[in-house]
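**Student:** Structure file entry-v3.cif (mmCIF, N, CA and C atoms) right here:
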```cif
data_target
loop_
_atom_site.group_PDB
_atom_site.id
_atom_site.type_symbol
_atom_site.label_atom_id
_atom_site.label_comp_id
_atom_site.auth_asym_id
_atom_site.auth_seq_id
_atom_site.Cartn_x
_atom_site.Cartn_y
_atom_site.Cartn_z
ATOM 1 N N MET T 1 13.182 4.373 14.483
ATOM 2 C CA MET T 1 13.699 4.629 13.144
ATOM 3 C C MET T 1 14.829 3.664 12.851
ATOM 4 N N ASN T 2 14.921 3.224 11.648
ATOM 5 C CA ASN T 2 15.934 2.288 11.214
ATOM 6 C C ASN T 2 17.195 3.045 10.796
ATOM 7 N N ASP T 3 18.351 2.461 11.016
ATOM 8 C CA ASP T 3 19.605 3.057 10.568
ATOM 9 C C ASP T 3 20.053 2.262 9.352
ATOM 10 N N PRO T 4 19.643 2.682 8.145
ATOM 11 C CA PRO T 4 19.913 1.885 6.952
ATOM 12 C C PRO T 4 21.389 1.907 6.574
ATOM 13 N N GLU T 5 21.808 0.831 5.930
ATOM 14 C CA GLU T 5 23.170 0.763 5.413
ATOM 15 C C GLU T 5 23.311 1.703 4.216
ATOM 16 N N HIS T 6 22.258 1.861 3.455
ATOM 17 C CA HIS T 6 22.276 2.661 2.233
ATOM 18 C C HIS T 6 20.830 3.019 1.897
ATOM 19 N N PRO T 7 20.563 4.178 1.309
ATOM 20 C CA PRO T 7 19.180 4.541 0.993
ATOM 21 C C PRO T 7 18.551 3.713 -0.130
ATOM 22 N N LEU T 8 19.359 2.979 -0.891
ATOM 23 C CA LEU T 8 18.826 2.127 -1.949
ATOM 24 C C LEU T 8 18.499 0.762 -1.366
ATOM 25 N N LEU T 9 17.258 0.348 -1.511
ATOM 26 C CA LEU T 9 16.826 -0.957 -1.032
ATOM 27 C C LEU T 9 16.667 -1.866 -2.242
ATOM 28 N N LYS T 10 17.579 -2.802 -2.409
ATOM 29 C CA LYS T 10 17.570 -3.711 -3.551
ATOM 30 C C LYS T 10 16.463 -4.748 -3.383
ATOM 31 N N ALA T 11 15.909 -5.181 -4.495
ATOM 32 C CA ALA T 11 14.811 -6.149 -4.488
ATOM 33 C C ALA T 11 15.162 -7.402 -3.693
ATOM 34 N N SER T 12 16.408 -7.830 -3.729
ATOM 35 C CA SER T 12 16.814 -9.039 -3.015
ATOM 36 C C SER T 12 16.685 -8.891 -1.496
ATOM 37 N N ARG T 13 16.612 -7.652 -0.973
ATOM 38 C CA ARG T 13 16.476 -7.420 0.470
ATOM 39 C C ARG T 13 15.030 -7.254 0.916
ATOM 40 N N ILE T 14 14.124 -7.133 -0.046
ATOM 41 C CA ILE T 14 12.719 -6.938 0.296
ATOM 42 C C ILE T 14 12.077 -8.297 0.522
ATOM 43 N N GLU T 15 11.498 -8.477 1.703
ATOM 44 C CA GLU T 15 10.902 -9.759 2.075
ATOM 45 C C GLU T 15 9.492 -9.883 1.514
ATOM 46 N N ALA T 16 8.980 -11.110 1.461
ATOM 47 C CA ALA T 16 7.627 -11.374 0.973
ATOM 48 C C ALA T 16 6.596 -10.891 1.987
ATOM 49 N N GLY T 17 5.362 -10.742 1.521
ATOM 50 C CA GLY T 17 4.278 -10.304 2.400
ATOM 51 C C GLY T 17 4.247 -8.797 2.503
ATOM 52 N N ALA T 18 4.036 -8.288 3.714
ATOM 53 C CA ALA T 18 4.028 -6.837 3.924
ATOM 54 C C ALA T 18 5.466 -6.363 4.066
ATOM 55 N N ARG T 19 5.866 -5.438 3.223
ATOM 56 C CA ARG T 19 7.227 -4.929 3.243
ATOM 57 C C ARG T 19 7.201 -3.446 3.571
ATOM 58 N N ARG T 20 7.630 -3.094 4.741
ATOM 59 C CA ARG T 20 7.624 -1.699 5.169
ATOM 60 C C ARG T 20 8.872 -1.003 4.628
ATOM 61 N N LEU T 21 8.755 -0.521 3.414
ATOM 62 C CA LEU T 21 9.893 0.065 2.725
ATOM 63 C C LEU T 21 10.420 1.290 3.451
ATOM 64 N N SER T 22 9.540 2.085 4.034
ATOM 65 C CA SER T 22 9.979 3.288 4.739
ATOM 66 C C SER T 22 10.826 2.929 5.955
ATOM 67 N N GLU T 23 10.442 1.912 6.697
ATOM 68 C CA GLU T 23 11.226 1.493 7.868
ATOM 69 C C GLU T 23 12.579 0.918 7.449
ATOM 70 N N LEU T 24 12.585 0.137 6.382
ATOM 71 C CA LEU T 24 13.828 -0.493 5.937
ATOM 72 C C LEU T 24 14.847 0.516 5.422
ATOM 73 N N THR T 25 14.374 1.699 5.011
ATOM 74 C CA THR T 25 15.289 2.714 4.495
ATOM 75 C C THR T 25 15.480 3.884 5.449
ATOM 76 N N GLY T 26 14.862 3.818 6.635
ATOM 77 C CA GLY T 26 15.063 4.844 7.650
ATOM 78 C C GLY T 26 14.207 6.088 7.507
ATOM 79 N N LEU T 27 13.180 6.056 6.663
ATOM 80 C CA LEU T 27 12.294 7.212 6.520
ATOM 81 C C LEU T 27 11.387 7.313 7.742
ATOM 82 N N SER T 28 11.213 8.504 8.267
ATOM 83 C CA SER T 28 10.378 8.658 9.459
ATOM 84 C C SER T 28 9.140 9.518 9.229
ATOM 85 N N ARG T 29 9.133 10.378 8.215
ATOM 86 C CA ARG T 29 7.989 11.262 8.008
ATOM 87 C C ARG T 29 6.986 10.734 7.000
ATOM 88 N N ILE T 30 7.391 9.765 6.199
ATOM 89 C CA ILE T 30 6.433 9.133 5.288
ATOM 90 C C ILE T 30 6.421 7.633 5.543
ATOM 91 N N ARG T 31 5.283 7.033 5.222
ATOM 92 C CA ARG T 31 5.111 5.589 5.381
ATOM 93 C C ARG T 31 4.857 5.021 3.998
ATOM 94 N N MET T 32 5.581 3.958 3.654
ATOM 95 C CA MET T 32 5.396 3.304 2.376
ATOM 96 C C MET T 32 5.549 1.799 2.577
ATOM 97 N N GLU T 33 4.554 1.060 2.099
ATOM 98 C CA GLU T 33 4.569 -0.396 2.224
ATOM 99 C C GLU T 33 4.203 -1.039 0.899
ATOM 100 N N MET T 34 4.836 -2.173 0.615
ATOM 101 C CA MET T 34 4.442 -2.998 -0.514
ATOM 102 C C MET T 34 3.791 -4.233 0.081
ATOM 103 N N ARG T 35 2.585 -4.531 -0.362
ATOM 104 C CA ARG T 35 1.834 -5.662 0.179
ATOM 105 C C ARG T 35 1.377 -6.567 -0.957
ATOM 106 N N THR T 36 1.399 -7.863 -0.695
ATOM 107 C CA THR T 36 0.871 -8.836 -1.641
ATOM 108 C C THR T 36 -0.303 -9.531 -0.981
ATOM 109 N N LEU T 37 -1.466 -9.454 -1.618
ATOM 110 C CA LEU T 37 -2.689 -10.059 -1.101
ATOM 111 C C LEU T 37 -3.026 -11.296 -1.922
ATOM 112 N N ALA T 38 -3.411 -12.361 -1.239
ATOM 113 C CA ALA T 38 -3.874 -13.581 -1.911
ATOM 114 C C ALA T 38 -5.300 -13.350 -2.409
ATOM 115 N N PRO T 39 -5.737 -14.128 -3.402
ATOM 116 C CA PRO T 39 -7.115 -13.990 -3.872
ATOM 117 C C PRO T 39 -8.107 -14.064 -2.708
ATOM 118 N N THR T 40 -9.077 -13.181 -2.703
ATOM 119 C CA THR T 40 -10.142 -12.977 -1.703
ATOM 120 C C THR T 40 -9.665 -12.279 -0.418
ATOM 121 N N GLU T 41 -8.374 -12.066 -0.251
ATOM 122 C CA GLU T 41 -7.877 -11.356 0.928
ATOM 123 C C GLU T 41 -8.248 -9.881 0.811
ATOM 124 N N THR T 42 -8.483 -9.241 1.975
ATOM 125 C CA THR T 42 -8.852 -7.826 1.969
ATOM 126 C C THR T 42 -7.816 -6.991 2.707
ATOM 127 N N LEU T 43 -7.807 -5.713 2.368
ATOM 128 C CA LEU T 43 -6.934 -4.731 3.001
ATOM 129 C C LEU T 43 -7.773 -3.485 3.246
ATOM 130 N N SER T 44 -7.816 -3.015 4.495
ATOM 131 C CA SER T 44 -8.556 -1.802 4.839
ATOM 132 C C SER T 44 -7.597 -0.636 4.963
ATOM 133 N N LEU T 45 -7.962 0.474 4.360
ATOM 134 C CA LEU T 45 -7.187 1.702 4.458
ATOM 135 C C LEU T 45 -8.058 2.765 5.107
ATOM 136 N N ASP T 46 -7.610 3.310 6.233
ATOM 137 C CA ASP T 46 -8.280 4.407 6.914
ATOM 138 C C ASP T 46 -7.312 5.576 6.909
ATOM 139 N N ALA T 47 -7.652 6.622 6.190
ATOM 140 C CA ALA T 47 -6.729 7.737 6.022
ATOM 141 C C ALA T 47 -6.891 8.764 7.137
ATOM 142 N N SER T 48 -5.890 8.820 8.026
ATOM 143 C CA SER T 48 -5.875 9.895 9.020
ATOM 144 C C SER T 48 -5.302 11.155 8.366
ATOM 145 N N GLY T 49 -4.566 10.953 7.294
ATOM 146 C CA GLY T 49 -4.032 12.028 6.456
ATOM 147 C C GLY T 49 -4.112 11.550 5.024
ATOM 148 N N GLU T 50 -3.568 12.279 4.100
ATOM 149 C CA GLU T 50 -3.594 11.841 2.709
ATOM 150 C C GLU T 50 -2.853 10.518 2.565
ATOM 151 N N GLN T 51 -3.411 9.634 1.752
ATOM 152 C CA GLN T 51 -2.861 8.300 1.581
ATOM 153 C C GLN T 51 -3.089 7.872 0.140
ATOM 154 N N PHE T 52 -2.238 6.939 -0.350
ATOM 155 C CA PHE T 52 -2.422 6.453 -1.717
ATOM 156 C C PHE T 52 -2.242 4.947 -1.776
ATOM 157 N N LEU T 53 -2.752 4.382 -2.864
ATOM 158 C CA LEU T 53 -2.564 2.975 -3.191
ATOM 159 C C LEU T 53 -2.277 2.923 -4.681
ATOM 160 N N TYR T 54 -1.203 2.231 -5.064
ATOM 161 C CA TYR T 54 -0.847 2.041 -6.464
ATOM 162 C C TYR T 54 -0.771 0.547 -6.711
ATOM 163 N N VAL T 55 -1.468 0.060 -7.738
ATOM 164 C CA VAL T 55 -1.493 -1.371 -8.042
ATOM 165 C C VAL T 55 -0.295 -1.719 -8.923
ATOM 166 N N LEU T 56 0.607 -2.521 -8.362
ATOM 167 C CA LEU T 56 1.783 -2.964 -9.104
ATOM 168 C C LEU T 56 1.455 -4.138 -10.019
ATOM 169 N N ASP T 57 0.584 -5.044 -9.540
ATOM 170 C CA ASP T 57 0.258 -6.231 -10.330
ATOM 171 C C ASP T 57 -1.014 -6.862 -9.779
ATOM 172 N N GLY T 58 -1.836 -7.389 -10.661
ATOM 173 C CA GLY T 58 -3.025 -8.111 -10.248
ATOM 174 C C GLY T 58 -4.295 -7.297 -10.422
ATOM 175 N N SER T 59 -5.387 -7.833 -9.849
ATOM 176 C CA SER T 59 -6.673 -7.152 -9.960
ATOM 177 C C SER T 59 -7.482 -7.358 -8.699
ATOM 178 N N GLY T 60 -8.447 -6.467 -8.518
ATOM 179 C CA GLY T 60 -9.294 -6.550 -7.346
ATOM 180 C C GLY T 60 -10.426 -5.552 -7.428
ATOM 181 N N THR T 61 -11.094 -5.397 -6.306
ATOM 182 C CA THR T 61 -12.196 -4.452 -6.180
ATOM 183 C C THR T 61 -11.916 -3.564 -4.986
ATOM 184 N N VAL T 62 -12.191 -2.286 -5.137
ATOM 185 C CA VAL T 62 -12.040 -1.361 -4.020
ATOM 186 C C VAL T 62 -13.417 -0.754 -3.741
ATOM 187 N N MET T 63 -13.788 -0.737 -2.459
ATOM 188 C CA MET T 63 -15.020 -0.085 -2.045
ATOM 189 C C MET T 63 -14.609 1.237 -1.421
ATOM 190 N N ALA T 64 -14.880 2.325 -2.132
ATOM 191 C CA ALA T 64 -14.546 3.666 -1.657
ATOM 192 C C ALA T 64 -15.747 4.562 -1.936
ATOM 193 N N ALA T 65 -16.113 5.357 -0.966
ATOM 194 C CA ALA T 65 -17.277 6.253 -1.089
ATOM 195 C C ALA T 65 -18.528 5.464 -1.469
ATOM 196 N N ASP T 66 -18.688 4.278 -0.850
ATOM 197 C CA ASP T 66 -19.856 3.412 -1.061
ATOM 198 C C ASP T 66 -20.055 2.982 -2.509
ATOM 199 N N GLU T 67 -18.975 2.950 -3.266
ATOM 200 C CA GLU T 67 -19.054 2.551 -4.668
ATOM 201 C C GLU T 67 -17.986 1.509 -4.964
ATOM 202 N N PRO T 68 -18.378 0.293 -5.441
ATOM 203 C CA PRO T 68 -17.372 -0.698 -5.803
ATOM 204 C C PRO T 68 -16.722 -0.346 -7.136
ATOM 205 N N LEU T 69 -15.392 -0.344 -7.143
ATOM 206 C CA LEU T 69 -14.635 -0.021 -8.351
ATOM 207 C C LEU T 69 -13.649 -1.143 -8.632
ATOM 208 N N THR T 70 -13.493 -1.507 -9.891
ATOM 209 C CA THR T 70 -12.519 -2.515 -10.290
ATOM 210 C C THR T 70 -11.154 -1.843 -10.415
ATOM 211 N N ILE T 71 -10.127 -2.478 -9.845
ATOM 212 C CA ILE T 71 -8.766 -1.960 -9.954
ATOM 213 C C ILE T 71 -7.865 -3.023 -10.568
ATOM 214 N N GLY T 72 -6.813 -2.559 -11.218
ATOM 215 C CA GLY T 72 -5.864 -3.476 -11.837
ATOM 216 C C GLY T 72 -4.504 -2.812 -11.996
ATOM 217 N N THR T 73 -3.577 -3.550 -12.544
ATOM 218 C CA THR T 73 -2.199 -3.099 -12.713
ATOM 219 C C THR T 73 -2.138 -1.683 -13.280
ATOM 220 N N GLY T 74 -1.400 -0.820 -12.579
ATOM 221 C CA GLY T 74 -1.211 0.549 -13.013
ATOM 222 C C GLY T 74 -2.213 1.548 -12.463
ATOM 223 N N ASP T 75 -3.264 1.080 -11.790
ATOM 224 C CA ASP T 75 -4.267 1.993 -11.242
ATOM 225 C C ASP T 75 -3.764 2.642 -9.959
ATOM 226 N N PHE T 76 -4.239 3.861 -9.716
ATOM 227 C CA PHE T 76 -3.816 4.677 -8.572
ATOM 228 C C PHE T 76 -5.062 5.162 -7.852
ATOM 229 N N LEU T 77 -5.086 5.017 -6.528
ATOM 230 C CA LEU T 77 -6.199 5.473 -5.696
ATOM 231 C C LEU T 77 -5.667 6.458 -4.674
ATOM 232 N N ALA T 78 -6.301 7.612 -4.572
ATOM 233 C CA ALA T 78 -5.914 8.618 -3.585
ATOM 234 C C ALA T 78 -7.030 8.766 -2.562
ATOM 235 N N LEU T 79 -6.652 8.822 -1.284
ATOM 236 C CA LEU T 79 -7.609 9.028 -0.203
ATOM 237 C C LEU T 79 -7.247 10.304 0.538
ATOM 238 N N ASN T 80 -8.240 11.127 0.784
ATOM 239 C CA ASN T 80 -8.044 12.322 1.599
ATOM 240 C C ASN T 80 -8.259 11.968 3.066
ATOM 241 N N ALA T 81 -7.836 12.824 3.945
ATOM 242 C CA ALA T 81 -8.009 12.608 5.386
ATOM 243 C C ALA T 81 -9.471 12.300 5.686
ATOM 244 N N GLY T 82 -9.689 11.242 6.480
ATOM 245 C CA GLY T 82 -11.031 10.847 6.878
ATOM 246 C C GLY T 82 -11.705 9.866 5.945
ATOM 247 N N GLU T 83 -11.150 9.634 4.769
ATOM 248 C CA GLU T 83 -11.757 8.685 3.841
ATOM 249 C C GLU T 83 -11.293 7.272 4.160
ATOM 250 N N ARG T 84 -12.105 6.301 3.747
ATOM 251 C CA ARG T 84 -11.821 4.893 4.015
ATOM 252 C C ARG T 84 -12.033 4.098 2.733
ATOM 253 N N ALA T 85 -11.230 3.049 2.564
ATOM 254 C CA ALA T 85 -11.395 2.156 1.413
ATOM 255 C C ALA T 85 -11.070 0.730 1.854
ATOM 256 N N VAL T 86 -11.775 -0.223 1.274
ATOM 257 C CA VAL T 86 -11.498 -1.639 1.495
ATOM 258 C C VAL T 86 -11.186 -2.257 0.149
ATOM 259 N N ILE T 87 -10.023 -2.892 0.052
ATOM 260 C CA ILE T 87 -9.579 -3.512 -1.190
ATOM 261 C C ILE T 87 -9.733 -5.017 -1.038
ATOM 262 N N ARG T 88 -10.300 -5.665 -2.053
ATOM 263 C CA ARG T 88 -10.441 -7.123 -2.058
ATOM 264 C C ARG T 88 -9.747 -7.641 -3.306
ATOM 265 N N ALA T 89 -8.791 -8.543 -3.111
ATOM 266 C CA ALA T 89 -8.043 -9.119 -4.230
ATOM 267 C C ALA T 89 -8.901 -10.133 -4.969
ATOM 268 N N GLU T 90 -8.949 -10.011 -6.282
ATOM 269 C CA GLU T 90 -9.631 -11.001 -7.122
ATOM 270 C C GLU T 90 -8.623 -12.047 -7.584
ATOM 271 N N SER T 91 -7.388 -11.598 -7.817
ATOM 272 C CA SER T 91 -6.256 -12.483 -8.121
ATOM 273 C C SER T 91 -5.158 -12.071 -7.153
ATOM 274 N N THR T 92 -4.003 -12.688 -7.224
ATOM 275 C CA THR T 92 -2.901 -12.211 -6.387
ATOM 276 C C THR T 92 -2.685 -10.746 -6.730
ATOM 277 N N LEU T 93 -2.683 -9.895 -5.714
ATOM 278 C CA LEU T 93 -2.663 -8.450 -5.906
ATOM 279 C C LEU T 93 -1.490 -7.859 -5.135
ATOM 280 N N THR T 94 -0.597 -7.175 -5.847
ATOM 281 C CA THR T 94 0.546 -6.516 -5.208
ATOM 282 C C THR T 94 0.343 -5.018 -5.337
ATOM 283 N N VAL T 95 0.358 -4.340 -4.174
ATOM 284 C CA VAL T 95 0.095 -2.898 -4.147
ATOM 285 C C VAL T 95 1.183 -2.180 -3.357
ATOM 286 N N LEU T 96 1.320 -0.908 -3.678
ATOM 287 C CA LEU T 96 2.199 -0.014 -2.927
ATOM 288 C C LEU T 96 1.276 0.996 -2.251
ATOM 289 N N THR T 97 1.358 1.097 -0.919
ATOM 290 C CA THR T 97 0.557 2.060 -0.189
ATOM 291 C C THR T 97 1.487 3.038 0.506
ATOM 292 N N GLY T 98 1.001 4.231 0.740
ATOM 293 C CA GLY T 98 1.830 5.198 1.439
ATOM 294 C C GLY T 98 1.073 6.436 1.830
ATOM 295 N N GLY T 99 1.741 7.260 2.590
ATOM 296 C CA GLY T 99 1.188 8.523 3.049
ATOM 297 C C GLY T 99 2.092 9.095 4.115
ATOM 298 N N LEU T 100 1.640 10.149 4.758
ATOM 299 C CA LEU T 100 2.408 10.737 5.843
ATOM 300 C C LEU T 100 2.322 9.854 7.064
ATOM 301 N N SER T 101 3.423 9.734 7.770
ATOM 302 C CA SER T 101 3.472 8.917 8.975
ATOM 303 C C SER T 101 2.741 9.621 10.106
ATOM 304 N N SER T 102 1.997 8.862 10.901
ATOM 305 C CA SER T 102 1.305 9.432 12.061
ATOM 306 C C SER T 102 2.218 9.469 13.289
ATOM 307 N N ALA T 103 3.364 8.828 13.175
ATOM 308 C CA ALA T 103 4.302 8.791 14.322
ATOM 309 C C ALA T 103 5.223 9.980 14.333
#
```
Write out the structure in this file as C-alpha cells.

**Tutor:**
Amino acid sequence: MNDPEHPLLKASRIEAGARRLSELTGLSRIRMEMRTLAPTETLSLDASGEQFLYVLDGSGTVMAADEPLTIGTGDFLALNAGERAVIRAESTLTVLTGGLSSA
C-alpha cells in the first residue's frame, strides 16, 4: 500500500501510460487505473469481481458476450464476476478501469 502525501492526486502527478490511481492515493480495497491505448492496441479485462470501464476520450471496439460493440467518449461498460471483454482502440483511447481489489 502506498502512503500518499494527500488524497488528492493532481493531474501533474499522473504519469503517461498506465496510471494506477488507487496505488498512488493509497487505496487498498478498490483498484482504479487510467490507461491510454494507441490505435489498434488491445486491453483484456477478466472480471474476478465486478469491474467497469469508462471511456474518457477516443473510440474503439469492445468484444463482450461474443458481440462486437462500438465504444466512444462517455460510454460505460460494466462486467460482472466471470465476464470477459477485449477492447481494441480504433483511435487513441483513454479509459478509466476499476473494481474491487483482489489483493

**Student:** What separation in Å, quoted to one decimal, exists between atom CA of Leu27 of chain T and atom N of Leu56 of chain T?

**Tutor:**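 Atom-to-atom, atom CA of Leu27 of chain T and atom N of Leu56 of chain T are spaced 21.3 Å apart.
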
**Student:** Using only N, CA and C atoms, which residues sit within 5 Å of Ser59 of chain T once same-chain residues fewer than 5 positions away are excluded, as a PyMOL selection string?

**Tutor:** chain T and resi 71-72+89-91+93

**Student:** Expressed in Å to a single decimal, how great is the separation between atom CA of Ala64 of chain T and atom CA of Ile87 of chain T?

**Tutor:**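 The value is 8.7 Å.
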
**Student:** What is the distance, in Å and to one decimal place, between atom N of Asn80 of chain T and atom C of Ala47 of chain T?

**Tutor:** 6.9 Å

**Student:** On this file, the PyMOL selection byres ((chain T and resi 81) around 6.5) gives some set of residues; write that set as a list in words.

**Tutor:**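 Applied to this file, the PyMOL selection byres ((chain T and resi 81) around 6.5) returns Ala47, Ser48, Gly49, Glu50, Gln51, Leu79, Asn80, Gly82 and Glu83 of chain T.
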
**Student:** I'd like to see the residues matched by the PyMOL selection byres ((chain T and resi 32) around 8) on this file, and ideally I'd get them as an mmCIF file with N, CA and C atoms, in the frame of the given file.

**Tutor:**
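See out_6.cif below for the written result:
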```
data_model
loop_
_atom_site.group_PDB
_atom_site.id
_atom_site.type_symbol
_atom_site.label_atom_id
_atom_site.label_comp_id
_atom_site.auth_asym_id
_atom_site.auth_seq_id
_atom_site.Cartn_x
_atom_site.Cartn_y
_atom_site.Cartn_z
ATOM 1 N N ARG T 19 5.866 -5.438 3.223
ATOM 2 C CA ARG T 19 7.227 -4.929 3.243
ATOM 3 C C ARG T 19 7.201 -3.446 3.571
ATOM 4 N N ARG T 20 7.630 -3.094 4.741
ATOM 5 C CA ARG T 20 7.624 -1.699 5.169
ATOM 6 C C ARG T 20 8.872 -1.003 4.628
ATOM 7 N N LEU T 21 8.755 -0.521 3.414
ATOM 8 C CA LEU T 21 9.893 0.065 2.725
ATOM 9 C C LEU T 21 10.420 1.290 3.451
ATOM 10 N N SER T 22 9.540 2.085 4.034
ATOM 11 C CA SER T 22 9.979 3.288 4.739
ATOM 12 C C SER T 22 10.826 2.929 5.955
ATOM 13 N N GLU T 23 10.442 1.912 6.697
ATOM 14 C CA GLU T 23 11.226 1.493 7.868
ATOM 15 C C GLU T 23 12.579 0.918 7.449
ATOM 16 N N LEU T 27 13.180 6.056 6.663
ATOM 17 C CA LEU T 27 12.294 7.212 6.520
ATOM 18 C C LEU T 27 11.387 7.313 7.742
ATOM 19 N N ARG T 29 9.133 10.378 8.215
ATOM 20 C CA ARG T 29 7.989 11.262 8.008
ATOM 21 C C ARG T 29 6.986 10.734 7.000
ATOM 22 N N ILE T 30 7.391 9.765 6.199
ATOM 23 C CA ILE T 30 6.433 9.133 5.288
ATOM 24 C C ILE T 30 6.421 7.633 5.543
ATOM 25 N N ARG T 31 5.283 7.033 5.222
ATOM 26 C CA ARG T 31 5.111 5.589 5.381
ATOM 27 C C ARG T 31 4.857 5.021 3.998
ATOM 28 N N GLU T 33 4.554 1.060 2.099
ATOM 29 C CA GLU T 33 4.569 -0.396 2.224
ATOM 30 C C GLU T 33 4.203 -1.039 0.899
ATOM 31 N N MET T 34 4.836 -2.173 0.615
ATOM 32 C CA MET T 34 4.442 -2.998 -0.514
ATOM 33 C C MET T 34 3.791 -4.233 0.081
ATOM 34 N N ARG T 35 2.585 -4.531 -0.362
ATOM 35 C CA ARG T 35 1.834 -5.662 0.179
ATOM 36 C C ARG T 35 1.377 -6.567 -0.957
ATOM 37 N N LEU T 96 1.320 -0.908 -3.678
ATOM 38 C CA LEU T 96 2.199 -0.014 -2.927
ATOM 39 C C LEU T 96 1.276 0.996 -2.251
ATOM 40 N N THR T 97 1.358 1.097 -0.919
ATOM 41 C CA THR T 97 0.557 2.060 -0.189
ATOM 42 C C THR T 97 1.487 3.038 0.506
ATOM 43 N N GLY T 98 1.001 4.231 0.740
ATOM 44 C CA GLY T 98 1.830 5.198 1.439
ATOM 45 C C GLY T 98 1.073 6.436 1.830
ATOM 46 N N GLY T 99 1.741 7.260 2.590
ATOM 47 C CA GLY T 99 1.188 8.523 3.049
ATOM 48 C C GLY T 99 2.092 9.095 4.115
ATOM 49 N N LEU T 100 1.640 10.149 4.758
ATOM 50 C CA LEU T 100 2.408 10.737 5.843
ATOM 51 C C LEU T 100 2.322 9.854 7.064
ATOM 52 N N SER T 101 3.423 9.734 7.770
ATOM 53 C CA SER T 101 3.472 8.917 8.975
ATOM 54 C C SER T 101 2.741 9.621 10.106
#
```

**Student:** DSSP on the backbone: which residues in segment 6-90 of chain T end up as alpha helix (DSSP H)? Give the answer as a VMD selection string.

**Tutor:** chain T and resid 21 to 24

**Student:** Based on DSSP run over this structure's backbone, return all residues of segment 52-100 of chain T in strand (DSSP E), as a PyMOL selection string.

**Tutor:** chain T and resi 52-57+59-64+67-72+76-79+84-89+93-100

**Student:** For a quick check of understanding, using only C-alpha atoms, which of T:Thr36, T:Thr73, T:Thr61, T:Ser44 has the smallest distance to Ala85 of chain T?

**Tutor:**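 Once distances to Ala85 of chain T are computed over only C-alpha atoms, the minimum belongs to T:Ser44.
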
**Student:** Which polymer residues, whether protein, DNA or RNA, lie within 5 Å of the coordinate (0.8, -4.0, -8.2) when you count all atoms listed in the file? List them as a PyMOL selection string, using the chain letters and numbers from the file.

**Tutor:** chain T and resi 55-58+94-95

**Student:** Take the residues from that selection and put them in a file with N, CA and C atoms, as a PDB file, in the frame of the given file.

**Tutor:**
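File again-v3.pdb, as written:
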```pdb
ATOM      1  N   VAL T  55      -1.468   0.060  -7.738  1.00  0.00           N
ATOM      2  CA  VAL T  55      -1.493  -1.371  -8.042  1.00  0.00           C
ATOM      3  C   VAL T  55      -0.295  -1.719  -8.923  1.00  0.00           C
ATOM      4  N   LEU T  56       0.607  -2.521  -8.362  1.00  0.00           N
ATOM      5  CA  LEU T  56       1.783  -2.964  -9.104  1.00  0.00           C
ATOM      6  C   LEU T  56       1.455  -4.138 -10.019  1.00  0.00           C
ATOM      7  N   ASP T  57       0.584  -5.044  -9.540  1.00  0.00           N
ATOM      8  CA  ASP T  57       0.258  -6.231 -10.330  1.00  0.00           C
ATOM      9  C   ASP T  57      -1.014  -6.862  -9.779  1.00  0.00           C
ATOM     10  N   GLY T  58      -1.836  -7.389 -10.661  1.00  0.00           N
ATOM     11  CA  GLY T  58      -3.025  -8.111 -10.248  1.00  0.00           C
ATOM     12  C   GLY T  58      -4.295  -7.297 -10.422  1.00  0.00           C
ATOM     13  N   THR T  94      -0.597  -7.175  -5.847  1.00  0.00           N
ATOM     14  CA  THR T  94       0.546  -6.516  -5.208  1.00  0.00           C
ATOM     15  C   THR T  94       0.343  -5.018  -5.337  1.00  0.00           C
ATOM     16  N   VAL T  95       0.358  -4.340  -4.174  1.00  0.00           N
ATOM     17  CA  VAL T  95       0.095  -2.898  -4.147  1.00  0.00           C
ATOM     18  C   VAL T  95       1.183  -2.180  -3.357  1.00  0.00           C
TER      19      VAL T  95
END
```

**Student:** May I ask which of the residues T:Asp46, T:Leu24, T:Phe76, T:Val62 is the closest one to Arg88 of chain T, counting only C-alpha atoms?

**Tutor:**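 For Arg88 of chain T, the nearest of the candidates is T:Val62.
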